[in-house]
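Next up, start_21.txt (compact mmCIF, C-alpha atoms and all ligand atoms):
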# COMPACT_ATOMS: atom_id res chain seq x y z
CA MET K 21 0.00 0.00 0.00
CA ASN K 22 1.25 3.53 -0.74
CA ALA K 23 2.23 5.61 2.27
CA PRO K 24 -0.59 7.93 3.39
CA THR K 25 -0.17 11.62 2.63
CA PRO K 26 1.73 13.16 5.56
CA LEU K 27 -0.40 15.16 8.00
CA ILE K 28 1.00 18.09 9.96
CA ALA K 29 -1.61 19.14 12.53
CA GLY K 30 -1.34 22.13 14.83
CA ASN K 31 -2.92 21.80 18.26
CA TRP K 32 -3.50 25.30 19.59
CA LYS K 33 -4.72 23.93 22.97
CA MET K 34 -6.33 26.71 25.10
CA ASN K 35 -4.65 29.49 23.12
CA GLY K 36 -6.02 32.02 20.70
CA THR K 37 -8.67 34.70 20.42
CA ALA K 38 -9.78 36.64 17.34
CA GLY K 39 -6.38 38.29 16.92
CA ALA K 40 -4.74 34.91 16.35
CA LEU K 41 -6.69 34.40 13.13
CA ALA K 42 -3.99 36.44 11.36
CA GLU K 43 -1.51 33.62 12.12
CA ALA K 44 -3.96 31.10 10.70
CA GLN K 45 -4.30 33.24 7.55
CA ALA K 46 -0.52 33.30 7.19
CA ILE K 47 -0.44 29.51 7.58
CA LYS K 48 -3.07 29.21 4.86
CA ALA K 49 -1.05 31.51 2.57
CA GLY K 50 2.16 29.54 3.09
CA ALA K 51 0.83 25.97 3.13
CA PRO K 52 1.76 23.84 0.12
CA ALA K 53 -1.12 23.09 -2.26
CA SER K 54 -0.44 19.36 -2.38
CA GLY K 55 1.75 16.55 -1.07
CA VAL K 56 1.08 17.21 2.61
CA ARG K 57 -2.11 17.74 4.59
CA VAL K 58 -1.98 20.76 6.91
CA ALA K 59 -4.48 21.05 9.76
CA LEU K 60 -5.15 23.52 12.56
CA CYS K 61 -7.09 22.57 15.70
CA PRO K 62 -7.99 25.84 17.47
CA PRO K 63 -10.03 26.11 20.66
CA ALA K 64 -13.74 25.39 20.07
CA THR K 65 -14.57 29.12 20.20
CA LEU K 66 -12.46 29.72 17.06
CA VAL K 67 -13.44 26.68 14.98
CA GLU K 68 -16.20 28.43 13.06
CA ARG K 69 -14.35 31.73 12.60
CA MET K 70 -11.19 29.96 11.49
CA SER K 71 -13.18 27.80 9.07
CA ARG K 72 -14.67 30.93 7.52
CA ALA K 73 -11.37 32.82 7.51
CA LEU K 74 -9.54 29.94 5.79
CA ALA K 75 -12.36 28.91 3.42
CA GLY K 76 -11.18 27.92 -0.01
CA GLY K 77 -7.64 27.13 1.14
CA GLY K 78 -6.01 23.81 1.77
CA VAL K 79 -5.88 23.99 5.57
CA ILE K 80 -8.11 21.45 7.34
CA ILE K 81 -9.81 22.60 10.57
CA GLY K 82 -10.18 20.31 13.57
CA GLY K 83 -11.42 20.23 17.14
CA GLN K 84 -9.38 19.21 20.19
CA ASP K 85 -11.96 16.94 21.86
CA CYS K 86 -15.62 16.04 21.56
CA HIS K 87 -18.29 14.56 23.81
CA ALA K 88 -19.49 11.03 23.14
CA GLU K 89 -23.13 12.12 22.77
CA PRO K 90 -24.51 14.25 19.92
CA SER K 91 -26.41 16.63 22.25
CA GLY K 92 -27.91 16.81 25.71
CA ALA K 93 -27.41 17.98 29.28
CA PHE K 94 -23.59 18.09 29.27
CA THR K 95 -22.69 21.58 30.43
CA GLY K 96 -19.53 22.92 28.85
CA ASP K 97 -19.10 20.10 26.36
CA VAL K 98 -19.08 20.18 22.57
CA SER K 99 -20.26 17.33 20.33
CA ALA K 100 -18.73 15.97 17.14
CA GLU K 101 -21.82 17.13 15.27
CA MET K 102 -21.33 20.68 16.60
CA LEU K 103 -17.69 20.73 15.53
CA ALA K 104 -18.64 19.48 12.06
CA ASP K 105 -21.40 22.11 11.88
CA ALA K 106 -18.79 24.77 12.73
CA GLY K 107 -16.58 23.63 9.84
CA ALA K 108 -14.28 21.03 11.43
CA SER K 109 -13.42 17.83 9.63
CA LEU K 110 -10.92 16.40 12.12
CA VAL K 111 -10.86 15.97 15.89
CA ILE K 112 -8.00 15.19 18.29
CA LEU K 113 -9.08 12.56 20.84
CA GLY K 114 -7.40 11.04 23.88
CA HIS K 115 -4.73 13.73 24.15
CA SER K 116 -2.67 13.17 27.29
CA GLU K 117 -3.86 16.52 28.65
CA ARG K 118 -7.42 15.13 28.42
CA ARG K 119 -6.43 11.75 29.84
CA ALA K 120 -4.50 13.28 32.76
CA GLY K 121 -6.45 16.52 33.35
CA HIS K 122 -9.97 15.23 32.70
CA GLY K 123 -9.64 11.59 33.76
CA GLU K 124 -10.32 10.18 30.27
CA SER K 125 -9.87 6.42 30.08
CA ASP K 126 -9.29 4.30 27.00
CA SER K 127 -12.99 3.39 27.00
CA ASP K 128 -13.96 7.07 27.12
CA VAL K 129 -11.73 7.59 24.09
CA VAL K 130 -13.44 4.68 22.29
CA ALA K 131 -16.82 6.34 22.86
CA LYS K 132 -15.49 9.64 21.54
CA VAL K 133 -13.99 7.98 18.47
CA GLU K 134 -17.39 6.40 17.77
CA ALA K 135 -18.91 9.87 18.16
CA ALA K 136 -16.40 11.39 15.75
CA LEU K 137 -17.22 8.78 13.12
CA ARG K 138 -20.95 9.32 13.67
CA GLY K 139 -20.43 13.08 13.26
CA GLY K 140 -18.33 12.72 10.13
CA LEU K 141 -15.02 13.76 11.70
CA GLU K 142 -11.67 12.04 11.12
CA PRO K 143 -10.20 11.20 14.53
CA ILE K 144 -6.56 11.72 15.51
CA ILE K 145 -6.19 9.33 18.44
CA CYS K 146 -3.33 10.13 20.84
CA VAL K 147 -1.30 7.63 22.83
CA GLY K 148 1.94 7.92 24.76
CA GLU K 149 3.82 6.84 27.85
CA THR K 150 4.81 8.89 30.90
CA LEU K 151 8.44 9.33 31.92
CA ASP K 152 8.03 6.80 34.76
CA GLU K 153 6.65 4.25 32.30
CA ARG K 154 9.53 4.85 29.85
CA GLU K 155 12.15 4.61 32.59
CA ALA K 156 10.57 1.36 33.79
CA GLY K 157 11.02 -0.07 30.27
CA ARG K 158 7.25 -0.18 29.73
CA ALA K 159 6.81 2.30 26.85
CA ILE K 160 5.90 -0.27 24.19
CA GLU K 161 3.57 -2.14 26.51
CA VAL K 162 1.76 1.04 27.58
CA VAL K 163 1.43 2.49 24.10
CA THR K 164 0.25 -0.72 22.43
CA ARG K 165 -2.25 -1.26 25.27
CA GLN K 166 -3.59 2.27 24.69
CA VAL K 167 -3.89 1.58 20.95
CA ARG K 168 -5.80 -1.67 21.58
CA GLY K 169 -7.95 0.01 24.23
CA SER K 170 -8.70 3.32 22.51
CA LEU K 171 -9.49 2.27 18.92
CA PRO K 172 -12.90 0.68 18.28
CA ALA K 173 -13.32 -2.03 15.63
CA SER K 174 -15.67 0.37 13.82
CA LEU K 175 -12.61 2.29 12.60
CA ALA K 176 -12.02 -0.47 10.03
CA GLY K 177 -12.11 1.08 6.58
CA LYS K 178 -12.45 4.63 7.97
CA ALA K 179 -9.99 7.51 7.70
CA PHE K 180 -8.16 7.94 11.00
CA THR K 181 -4.71 8.78 12.36
CA VAL K 182 -2.81 7.70 15.46
CA ALA K 183 -0.49 10.19 17.16
CA TYR K 184 2.37 8.91 19.32
CA GLU K 185 2.97 11.62 21.90
CA PRO K 186 5.24 10.68 24.80
CA VAL K 187 3.80 12.62 27.75
CA TRP K 188 7.28 13.64 28.92
CA ALA K 189 8.06 15.21 25.52
CA ILE K 190 4.99 17.46 25.38
CA GLY K 191 5.84 21.10 25.98
CA THR K 192 9.20 20.22 27.54
CA GLY K 193 11.65 20.66 24.66
CA LEU K 194 12.62 17.00 25.13
CA THR K 195 12.21 14.46 22.33
CA PRO K 196 12.91 10.73 22.13
CA SER K 197 15.82 9.55 20.00
CA SER K 198 15.02 8.69 16.39
CA ASP K 199 15.56 5.01 17.27
CA ASP K 200 13.01 5.24 20.08
CA ILE K 201 10.46 6.97 17.82
CA VAL K 202 10.94 4.29 15.16
CA GLU K 203 10.61 1.48 17.71
CA ILE K 204 7.31 2.80 19.06
CA HIS K 205 5.93 3.60 15.62
CA GLN K 206 6.73 0.06 14.47
CA ALA K 207 4.99 -1.35 17.53
CA ILE K 208 1.92 0.81 16.82
CA ARG K 209 1.89 -0.33 13.17
CA ALA K 210 2.12 -3.99 14.22
CA THR K 211 -0.79 -3.45 16.62
CA LEU K 212 -2.88 -1.78 13.91
CA ARG K 213 -2.21 -4.78 11.64
CA GLU K 214 -3.29 -7.17 14.42
CA MET K 215 -6.48 -5.18 14.88
CA PHE K 216 -7.39 -4.29 11.28
CA GLY K 217 -5.46 -6.72 9.10
CA ALA K 218 -4.18 -5.16 5.87
CA GLY K 219 -6.29 -2.07 6.74
CA GLY K 220 -3.79 -1.43 9.52
CA ASP K 221 -1.25 -0.33 6.91
CA GLY K 222 -3.35 2.64 5.81
CA PRO K 223 -3.49 5.15 8.67
CA ALA K 224 -0.66 7.63 9.16
CA ILE K 225 1.09 7.43 12.53
CA LEU K 226 2.11 10.91 13.67
CA TYR K 227 4.78 11.90 16.16
CA GLY K 228 4.00 14.67 18.68
CA GLY K 229 5.93 16.26 21.54
CA SER K 230 8.25 19.30 21.18
CA VAL K 231 8.33 19.22 17.39
CA LYS K 232 10.11 22.42 16.33
CA PRO K 233 11.57 23.82 13.10
CA GLY K 234 15.00 22.58 14.25
CA ASN K 235 14.04 18.91 14.67
CA ALA K 236 11.12 18.53 12.27
CA ALA K 237 13.04 17.44 9.17
CA GLU K 238 14.88 14.69 11.08
CA ILE K 239 11.74 13.34 12.77
CA LEU K 240 9.54 13.65 9.67
CA GLY K 241 12.24 12.02 7.55
CA LEU K 242 11.88 8.75 9.46
CA PRO K 243 9.93 6.47 7.10
CA GLU K 244 7.71 5.20 9.92
CA VAL K 245 6.61 8.76 10.83
CA GLY K 246 3.58 9.90 8.84
CA GLY K 247 3.45 13.46 10.10
CA ALA K 248 3.39 15.50 13.29
CA LEU K 249 1.03 16.81 15.92
CA VAL K 250 2.49 20.18 16.92
CA GLY K 251 1.54 22.17 20.01
CA GLY K 252 3.49 25.31 20.93
CA ALA K 253 5.24 25.69 17.58
CA SER K 254 1.92 25.75 15.71
CA LEU K 255 0.93 29.10 17.24
CA LYS K 256 3.37 31.05 15.07
CA ALA K 257 2.94 30.78 11.31
CA ALA K 258 6.68 31.02 10.59
CA ASP K 259 7.50 28.13 12.94
CA PHE K 260 4.60 25.96 11.83
CA LEU K 261 5.32 26.52 8.12
CA ALA K 262 9.00 25.66 8.71
CA ILE K 263 7.82 22.35 10.25
CA VAL K 264 5.46 21.75 7.31
CA ALA K 265 8.39 22.39 4.96
CA GLY K 266 10.27 19.57 6.69
CA ALA K 267 7.68 16.96 5.75
CA PRO K 268 8.59 14.67 2.86
CA LYS K 269 6.00 15.20 0.11
CA ALA K 270 3.74 12.25 -0.73
P1 LIG Z 301 4.13 20.50 22.02
O1 LIG Z 301 2.70 19.80 22.17
O2 LIG Z 301 4.46 20.50 20.53
O3 LIG Z 301 3.94 21.88 22.57
O4 LIG Z 301 5.12 19.68 22.80
C1 LIG Z 301 2.34 18.70 21.39
C2 LIG Z 301 0.95 18.24 21.74
O5 LIG Z 301 0.57 18.25 22.92
O6 LIG Z 301 0.16 17.85 20.85
Can I see the file as structure tokens?
Amino acid sequence: MNAPTPLIAGNWKMNGTAGALAEAQAIKAGAPASGVRVALCPPATLVERMSRALAGGGVIIGGQDCHAEPSGAFTGDVSAEMLADAGASLVILGHSERRAGHGESDSDVVAKVEAALRGGLEPIICVGETLDEREAGRAIEVVTRQVRGSLPASLAGKAFTVAYEPVWAIGTGLTPSSDDIVEIHQAIRATLREMFGAGGDGPAILYGGSVKPGNAAEILGLPEVGGALVGGASLKAADFLAIVAGAPKA
């Protein structure tokens, strides 16, 4: 099977008000027209405005989380259907900041992935070990267990992406060695093949955690790495576009 088109997705986390749309416009202006998919996942309050501001360009808009239900008495939550209605076509699910800060379990992530599919959103499902787990030699075990536990069988044949984001690398400036990234990506790929057969070859596996202009080309050049999920460095167009430029073109 051909390698999937690389995806470089920016996760703005809880950053950005109307003034930040200028950075998104600059990202739209500088994003390549083909060969790489570029996505921005702003806070929910900006999804609709960013979708309108970037209409007609190649940048895909995504959410950062969604509730498992389409609507109802869930104060403060946003559903997959609402994100799609606001112009999103992707959603990040199971980010470690949701798992750690909001107590999300693998089975919660499964329910959210089902919701994303129901709402017509392509899920980016995040997995990754903590520093304690890595130092205990348990990174592969933890990550493959999260993949098995967080991906429902209903993903078979659907467009989705897995993001390997070691918790200790997020926002810290630390990154795993290339060998460690390759080892985990290979373990994720093997798990996807166990779960989905030949369909497990299709989805891109992203790397996330302190991706910067200075390390992007090396990380994205690893054949196992199908793109990046970028936090801090996605807030500035110049940095994010430099990362996008480091992606090998499909
Ligand atoms: P970072 O965040 O690039 O700021 O380390 C990555 C992420 O949390 O997706």
Per-residue nearest contacts chain K to ligand LIG 301 (chain Z), cut-off 10 Å, using all atoms listed in the file, as CSV:
residue,atom,partner,partner_atom,distance
K:Ala29,CA,Z:LIG301,O6,8.6
K:Gly30,CA,Z:LIG301,O6,7.5
K:Asn31,CA,Z:LIG301,O6,5.6
K:Trp32,CA,Z:LIG301,O6,8.4
K:Lys33,CA,Z:LIG301,O5,7.8
K:Gln84,CA,Z:LIG301,O6,9.7
K:Ile112,CA,Z:LIG301,O6,9.0
K:His115,CA,Z:LIG301,O5,7.1
K:Ser116,CA,Z:LIG301,O5,7.4
K:Glu117,CA,Z:LIG301,O5,7.4
K:Cys146,CA,Z:LIG301,O6,8.5
K:Ala183,CA,Z:LIG301,O6,8.5
K:Tyr184,CA,Z:LIG301,O6,9.3
K:Glu185,CA,Z:LIG301,O6,6.9
K:Pro186,CA,Z:LIG301,O5,9.1
K:Val187,CA,Z:LIG301,O5,8.1
K:Trp188,CA,Z:LIG301,O4,8.9
K:Ala189,CA,Z:LIG301,O4,6.0
K:Ile190,CA,Z:LIG301,O4,3.4
K:Gly191,CA,Z:LIG301,O4,3.6
K:Thr192,CA,Z:LIG301,O4,6.3
K:Gly193,CA,Z:LIG301,O4,6.9
K:Leu194,CA,Z:LIG301,O4,8.3
K:Thr195,CA,Z:LIG301,O4,8.8
K:Tyr227,CA,Z:LIG301,O6,8.9
K:Gly228,CA,Z:LIG301,C1,5.1
K:Gly229,CA,Z:LIG301,O4,3.7
K:Ser230,CA,Z:LIG301,O4,3.5
K:Val231,CA,Z:LIG301,O2,5.1
K:Lys232,CA,Z:LIG301,O2,7.3
K:Ala248,CA,Z:LIG301,O6,8.6
K:Leu249,CA,Z:LIG301,O6,5.1
K:Val250,CA,Z:LIG301,O2,4.1
K:Gly251,CA,Z:LIG301,O2,3.4
K:Gly252,CA,Z:LIG301,O3,3.8
K:Ala253,CA,Z:LIG301,O2,6.0
K:Ser254,CA,Z:LIG301,O2,7.6
K:Leu255,CA,Z:LIG301,O3,9.5
Residues of region 153-239 of chain K that approach region 135-145 of chain K to 7 Å or less, counting all atoms listed in the file: could you list each one with the shortest pair of atoms and its distance in Å to one decimal, rows by chain and increasing residue number, as a tab-separated table?
residue	atom	partner	partner_atom	distance
K:Ala179	CA	K:Glu142	CA	5.9
K:Phe180	CA	K:Pro143	CA	5.2
K:Thr181	CA	K:Ile144	CA	4.7
K:Val182	CA	K:Ile145	CA	4.8
K:Ala183	CA	K:Ile145	CA	5.9
Task: Between CA of Ala75 (chain K) and CA of Leu113 (chain K), distance in Å (one decimal) - done: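 Those two atoms sit 24.1 Å apart.
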Select from region 147-266 of chain K every residue with an atom at most 9 Å from any atom of region 52-58 of chain K, then for each give the shortest pair of atoms and their distance in Å to one decimal, using only C-alpha atoms, rows by chain and rising number, as JSON lines.
{"residue": "K:Gly247", "atom": "CA", "partner": "K:Val56", "partner_atom": "CA", "distance": 8.7}
{"residue": "K:Val264", "atom": "CA", "partner": "K:Val58", "partner_atom": "CA", "distance": 7.5}
{"residue": "K:Ala265", "atom": "CA", "partner": "K:Pro52", "partner_atom": "CA", "distance": 8.3}
Open item on the list: Report, in Å to a single decimal, how far apart CA of Ser109 (chain K) and CA of Leu27 (chain K) are.
Closed with: 13.4 Å
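For the pair CA of Leu175 (chain K) and CA of Ala207 (chain K), the separation is 18.6 Å.
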TODO: Name the closest residue to Gly219 (chain K) among the candidates K:Leu66, K:Pro24, K:Phe94, K:Met102; distances are taken between atoms, counting all atoms listed in the file.
DONE: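 Looking only at the distances to Gly219 (chain K), the closest residue turns out to be K:Pro24.
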TODO: List the neighbours of Gly169 (chain K) out to 10 Å using only C-alpha atoms; skip same-chain residues closer than 3 positions along the sequence, and give me the result as a list in words.
DONE: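 Result of the neighbour search: Ser125, Asp126, Ser127, Asp128, Val129, Val130, Val163, Thr164, Arg165, Gln166 and Pro172 of chain K.
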File of the preceding selection, C-alpha atoms, as a PDB file, keeping the file's coordinate frame:
ATOM      1  CA  SER K 125      -9.870   6.420  30.080  1.00  0.00           C
ATOM      2  CA  ASP K 126      -9.290   4.300  27.000  1.00  0.00           C
ATOM      3  CA  SER K 127     -12.990   3.390  27.000  1.00  0.00           C
ATOM      4  CA  ASP K 128     -13.960   7.070  27.120  1.00  0.00           C
ATOM      5  CA  VAL K 129     -11.730   7.590  24.090  1.00  0.00           C
ATOM      6  CA  VAL K 130     -13.440   4.680  22.290  1.00  0.00           C
ATOM      7  CA  VAL K 163       1.430   2.490  24.100  1.00  0.00           C
ATOM      8  CA  THR K 164       0.250  -0.720  22.430  1.00  0.00           C
ATOM      9  CA  ARG K 165      -2.250  -1.260  25.270  1.00  0.00           C
ATOM     10  CA  GLN K 166      -3.590   2.270  24.690  1.00  0.00           C
ATOM     11  CA  PRO K 172     -12.900   0.680  18.280  1.00  0.00           C
TER      12      PRO K 172
END
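Considering only C-alpha atoms, the residue among K:Ile160, K:Ala176, K:Ile28, K:Val133 positioned nearest to Glu89 (chain K) is K:Val133.
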When you look at Ile208 (chain K) with a cut-off of 8 Å (counting all atoms listed in the file), what residues show up, excluding the ones that are within fewer than 3 positions of it in the same chain? I need them as a PDB file with C-alpha atoms, keeping the file's coordinate frame.
ATOM      1  CA  VAL K 163       1.430   2.490  24.100  1.00  0.00           C
ATOM      2  CA  THR K 164       0.250  -0.720  22.430  1.00  0.00           C
ATOM      3  CA  VAL K 167      -3.890   1.580  20.950  1.00  0.00           C
ATOM      4  CA  ILE K 204       7.310   2.800  19.060  1.00  0.00           C
ATOM      5  CA  HIS K 205       5.930   3.600  15.620  1.00  0.00           C
ATOM      6  CA  THR K 211      -0.790  -3.450  16.620  1.00  0.00           C
ATOM      7  CA  LEU K 212      -2.880  -1.780  13.910  1.00  0.00           C
ATOM      8  CA  ILE K 225       1.090   7.430  12.530  1.00  0.00           C
TER       9      ILE K 225
END
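Nearest to Ala210 (chain K) of all the residues K:Arg168, K:Pro268, K:Pro243, K:Gly234 is K:Arg168, counting all atoms listed in the file.
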Open item on the list: Considering only C-alpha atoms, can you say which of K:Gly121, K:Pro233, K:Pro223, K:Pro63 comes closest to Phe260 (chain K)?
Closed with: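 Of K:Gly121, K:Pro233, K:Pro223, K:Pro63, the one nearest Phe260 (chain K), counting only C-alpha atoms, is K:Pro233.
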Open item on the list: Could you check the closest approach to Gly241 (chain K) for each of K:Arg213, K:Lys269, K:Arg158, K:Lys256 and tell me which residue wins, using all atoms listed in the file?
Closed with: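 Comparing K:Arg213, K:Lys269, K:Arg158, K:Lys256 against Gly241 (chain K), the winner is K:Lys269.
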